[in-house]
Amino acid sequence: MNIITIEHIAKIYQVGTEEVRALSDVSLKIDANEYVAIMGPSGSGKSTLMNILGCLDTPTKGKYDFTGVNVSEMNDNELAQIRNEKIGFVFQTFNLLPRSTALHNVELPLIYAGIPTVERRERAEAALENVGLSDRMTHKPNELSGGQRQRVAVARALVTKPSIILADEPTGNLDTKTGEDIMYLFNEIYEQGNTIILVTHEEYIAEHANRIIRVRDGLVESDLQVDNRKIPEKRVEQTEEG
Amino acid sequence: MFQTLIALKEGMLIALRAIRANKLRSVLTTLGIIIGIVAVTTMSTAIVGLESAFLNSISSLGSDVLYVDKMPWFAGGDWRRYRNRKDITFEDYEKLKSMLSSYDAIAPNIRTFGRTIKYQGKNAESTLIYGTTPDFLRTGGAIPQEGRFMTEFEVHASRRVCIIGTDIADILFPNEDPIGKNVKMENVKLKVIGVLEKQGSGFLGSFSLDGQVIMPIKVFQRAFGETRGRLRIDVKVADIDKIDETKDEIRAHMRTIRKVPPTEEDDFAINQQEMFTEIYDQTVGVIAIAGIVITALSLFVGAIGIMNIMFVSVTERTKEIGIRKAIGAKQWAILAQFLFEASFICIIGGIIGIVISFPISLIIDQFLPTAMPINIVVIAILISAFVGLISGILPAYKASKLDPVDALRYE
Ligand SMILES: Nc1ncnc2c1ncn2[C@@H]1O[C@H](COP(=O)(O)OP(=O)(O)O)[C@@H](O)[C@H]1O
Ligand SMILES: [Mg+2]
């Protein structure tokens, strides 16, 4: 089943008198339980594509069908609802609320979904446990390491049981080893039956996916299946404390 | 519905946290609100005080009593014009009484102020002395709580009797029953036959209505001289609905009695409690308008300040707004969050204003019998919340309309 179908999507920014074509003409289909890596040089339109796929942004042209619903003409509030229910985001810069605890950060999407306190707490705690942070729930982001912060963000993305996880350079702000921990986590999530779209400009990260889409100058350059994707090893030692 | 409440609660918590994170800034911002609330509460407290003082001071004037006097009560600059009029005499009173077709009570009333009464070495100073007749019991509402009022016989026979107010009774007779005792005033000995009910103090506590002494009019005139004090005729009308007719009738009779030629204007005035009420309403109106103007101005200035700080708050938290929107906060949830923040800041200002007003109300109470009305506390809080909502609308709207992608990119 197709979760995502985009047809001839374009995103054009007007900068002064100049038109910037962040995306020129992109068509894609993504199935349930795919693990897609979107690759391309800086400025090629990866984030723009990701924001449109994540319903954070709307295309200037083209049609977007998400889980059988035409979202290209939805308004701000309708898109917010889709994001809340069906999409989990992981950002390069984590984007956690700095003054809130890990637990509250993970509860946040459930708050906007209107889940009552007790259930919300249980689900948030379970999500943090899944990413191995059951002992860090009351910590604030500045009391956590980069890898831990990103795992809080992953827990937040998963807590609503979304149809799709979107990650824009999730390892971009992490050192290699910590990045591998996150990739291990993604692998687990994927193997539990989730759909993941991952933006990266690093080959060794992209190799974890089972499909690699290369973007250049706002166009899809290539779209290939990966036959034997890389399965990350679980690291035994915890080196990321502090 | 339930869903909405959960997001609203989150909005409230964020608002409180944001204020706590910027305590000083939030409090400083509320200065205009504080001044506005102090103005509105102080004004209302003062008006409540004025009203009770006023009602107290006119309580000795009945709304159904007409006061026939030489001059109008509120003569203003025309005072000189009335001064040369003939005095109203006891004979005028007797004639009016015999001519008037209907009345409940009619009493001559002559007054002097500042006399001293003595009893066994004790002095009551600054008393208000009335010379009158038994009808004063009804025209003046002078009801004895002990003993009795004067009789017709005592007036005709010029018996040296008096009825005293409770303050005088307390001063002169702290430990004994005043009834039947002889007090002394201007070398006239008077027997106390009654003590009046307590009436409270007059306007601004200037004089006490309980410091009065009432005696038969002839005794008064003998003690203080015929011409001492201005005689007035108090007429309690039979039917308050016909007060205007009675007034016209009195006017016609008085012109006859005093032989005023038809072409001349009245050489007397018929006063009413209503005149006080009008003056009072004007006074309170001025205070209220001044208070409302000060309140409105401070609240306006306060609202601008809050709006300004809310714009700052929205800008500072652009990224947070982006995060919230990205994970599914709808526009109204963001809107509510900032409206709560603005309202809470204003309510804090309102509470500070009330806390400041309270001692001020205690000071006012020294001059006017008053207390801060409890409903003004509620009103002040509501006004503050309302100002918060109004001043929060634009910033909150701006926040709710932020584009999530732009907001997330904001550093
Ligand atoms: N809000 C914007 N206004 C103008 N140009 C933009 C905006 N966002 C992105 N762009 C431009 O669109 C192109 C693609 O950007 P982006 O999708 O962020 O690239 P990538 O994530 O691949 O580095 C870039 O040239 C960028 O400068
Ligand atoms: Mg990017």
# chains A, B, ... in the order shown; residues from 1 in each chain; ligands from 1
call {"tool": "interface_residues", "arguments": {"of": "chain B", "to": "chain A", "cutoff": "6 Å", "atoms": "only C-alpha atoms", "output": "MDAnalysis selection string"}}
result
chainID B and resid 3 6:7 327:330
call {"tool": "write_last_selection", "arguments": {"atoms": "N, CA and C atoms", "output": "PDB file, in the first residue's frame"}}
result
ATOM      1  N   GLN B   3     -10.494  16.941  24.528  1.00  0.00           N
ATOM      2  CA  GLN B   3      -9.232  17.172  23.842  1.00  0.00           C
ATOM      3  C   GLN B   3      -8.801  18.631  23.971  1.00  0.00           C
ATOM      4  N   ILE B   6      -7.458  19.558  27.398  1.00  0.00           N
ATOM      5  CA  ILE B   6      -6.080  19.123  27.654  1.00  0.00           C
ATOM      6  C   ILE B   6      -5.088  20.095  27.040  1.00  0.00           C
ATOM      7  N   ALA B   7      -5.367  20.515  25.800  1.00  0.00           N
ATOM      8  CA  ALA B   7      -4.456  21.462  25.161  1.00  0.00           C
ATOM      9  C   ALA B   7      -4.516  22.819  25.853  1.00  0.00           C
ATOM     10  N   ILE B 327       4.716  19.303  15.795  1.00  0.00           N
ATOM     11  CA  ILE B 327       4.192  18.054  16.345  1.00  0.00           C
ATOM     12  C   ILE B 327       2.693  18.094  16.533  1.00  0.00           C
ATOM     13  N   GLY B 328       2.033  19.118  15.960  1.00  0.00           N
ATOM     14  CA  GLY B 328       0.580  19.027  15.845  1.00  0.00           C
ATOM     15  C   GLY B 328      -0.240  20.043  16.597  1.00  0.00           C
ATOM     16  N   ALA B 329       0.386  21.077  17.205  1.00  0.00           N
ATOM     17  CA  ALA B 329      -0.425  22.109  17.857  1.00  0.00           C
ATOM     18  C   ALA B 329      -1.170  22.895  16.787  1.00  0.00           C
ATOM     19  N   LYS B 330      -2.482  23.061  17.000  1.00  0.00           N
ATOM     20  CA  LYS B 330      -3.251  23.841  16.037  1.00  0.00           C
ATOM     21  C   LYS B 330      -3.145  25.321  16.384  1.00  0.00           C
TER      22      LYS B 330
END
call {"tool": "residues_near_ligand", "arguments": {"ligand": "ligand 1", "cutoff": "9 Å", "atoms": "only C-alpha atoms and all ligand atoms", "output": "JSON, numbers by chain"}}
result
{"A": [11, 12, 13, 14, 15, 19, 20, 21, 22, 23, 39, 40, 41, 42, 43, 44, 45, 46, 47, 48, 49, 50, 51, 168, 169, 199, 200, 201, 215, 216, 217, 218], "B": [405, 406, 409]}
call {"tool": "residues_around", "arguments": {"residues": "Lys61 of chain A", "least_positions_apart": "2", "cutoff": "6 Å", "atoms": "only C-alpha atoms", "output": "PyMOL selection string"}}
result
chain A and resi 9-10+59
call {"tool": "select_by_dssp", "arguments": {"residues": "segment 93-224 of chain B", "states": "alpha helix (DSSP H)", "output": "ChimeraX atom specification"}}
result
/B:93-99,136-139,152-156,166-172,217-224
call {"tool": "write_last_selection", "arguments": {"atoms": "C-alpha atoms", "output": "PDB file, in the first residue's frame"}}
result
ATOM      1  CA  TYR B  93     -45.489  79.106  61.346  1.00  0.00           C
ATOM      2  CA  GLU B  94     -48.735  79.384  63.279  1.00  0.00           C
ATOM      3  CA  LYS B  95     -50.536  80.931  60.308  1.00  0.00           C
ATOM      4  CA  LEU B  96     -49.224  78.357  57.870  1.00  0.00           C
ATOM      5  CA  LYS B  97     -50.275  75.586  60.213  1.00  0.00           C
ATOM      6  CA  SER B  98     -53.815  76.888  60.385  1.00  0.00           C
ATOM      7  CA  MET B  99     -54.078  77.475  56.612  1.00  0.00           C
ATOM      8  CA  PHE B 136     -40.502  67.571  65.317  1.00  0.00           C
ATOM      9  CA  LEU B 137     -40.702  63.978  66.488  1.00  0.00           C
ATOM     10  CA  ARG B 138     -42.146  63.191  63.068  1.00  0.00           C
ATOM     11  CA  THR B 139     -40.630  65.860  60.823  1.00  0.00           C
ATOM     12  CA  GLU B 152     -47.834  70.378  73.454  1.00  0.00           C
ATOM     13  CA  PHE B 153     -48.382  71.509  77.009  1.00  0.00           C
ATOM     14  CA  GLU B 154     -44.647  71.809  77.697  1.00  0.00           C
ATOM     15  CA  VAL B 155     -44.289  74.008  74.624  1.00  0.00           C
ATOM     16  CA  HIS B 156     -47.134  76.340  75.580  1.00  0.00           C
ATOM     17  CA  THR B 166     -26.673  59.706  72.920  1.00  0.00           C
ATOM     18  CA  ASP B 167     -23.236  61.333  72.729  1.00  0.00           C
ATOM     19  CA  ILE B 168     -24.284  63.970  75.196  1.00  0.00           C
ATOM     20  CA  ALA B 169     -25.867  61.355  77.409  1.00  0.00           C
ATOM     21  CA  ASP B 170     -22.627  59.366  77.322  1.00  0.00           C
ATOM     22  CA  ILE B 171     -20.496  62.389  78.224  1.00  0.00           C
ATOM     23  CA  LEU B 172     -22.673  63.875  80.930  1.00  0.00           C
ATOM     24  CA  ILE B 217     -39.028  76.638  70.900  1.00  0.00           C
ATOM     25  CA  LYS B 218     -39.974  79.331  73.422  1.00  0.00           C
ATOM     26  CA  VAL B 219     -37.401  78.053  75.884  1.00  0.00           C
ATOM     27  CA  PHE B 220     -34.847  78.215  73.078  1.00  0.00           C
ATOM     28  CA  GLN B 221     -35.796  81.784  72.192  1.00  0.00           C
ATOM     29  CA  ARG B 222     -35.656  82.855  75.814  1.00  0.00           C
ATOM     30  CA  ALA B 223     -32.276  81.245  76.343  1.00  0.00           C
ATOM     31  CA  PHE B 224     -30.583  82.448  73.171  1.00  0.00           C
TER      32      PHE B 224
END
call {"tool": "residues_around", "arguments": {"residues": "Tyr67 of chain B", "least_positions_apart": "2", "cutoff": "8 Å", "atoms": "only C-alpha atoms", "output": "ChimeraX atom specification"}}
result
/B:65,69,232-235,269-272
call {"tool": "write_last_selection", "arguments": {"atoms": "C-alpha atoms", "output": "short mmCIF file (atom, residue, chain, number, x, y, z; two decimals), in the first residue's frame"}}
result
data_model
loop_
_atom_site.label_atom_id
_atom_site.label_comp_id
_atom_site.auth_asym_id
_atom_site.auth_seq_id
_atom_site.Cartn_x
_atom_site.Cartn_y
_atom_site.Cartn_z
CA VAL B 65 -40.40 66.72 54.39
CA ASP B 69 -36.66 78.58 54.92
CA ARG B 232 -37.45 77.26 59.55
CA ILE B 233 -40.77 75.50 59.16
CA ASP B 234 -40.54 71.76 58.57
CA VAL B 235 -43.62 70.21 56.94
CA ALA B 269 -37.55 79.10 49.80
CA ILE B 270 -39.00 75.64 50.04
CA ASN B 271 -36.16 73.17 50.31
CA GLN B 272 -36.16 69.41 49.93
#
call {"tool": "residues_around", "arguments": {"residues": "segment 179-185 of chain A", "least_positions_apart": "4", "cutoff": "9 Å", "atoms": "only C-alpha atoms", "output": "count of residues only"}}
result
20
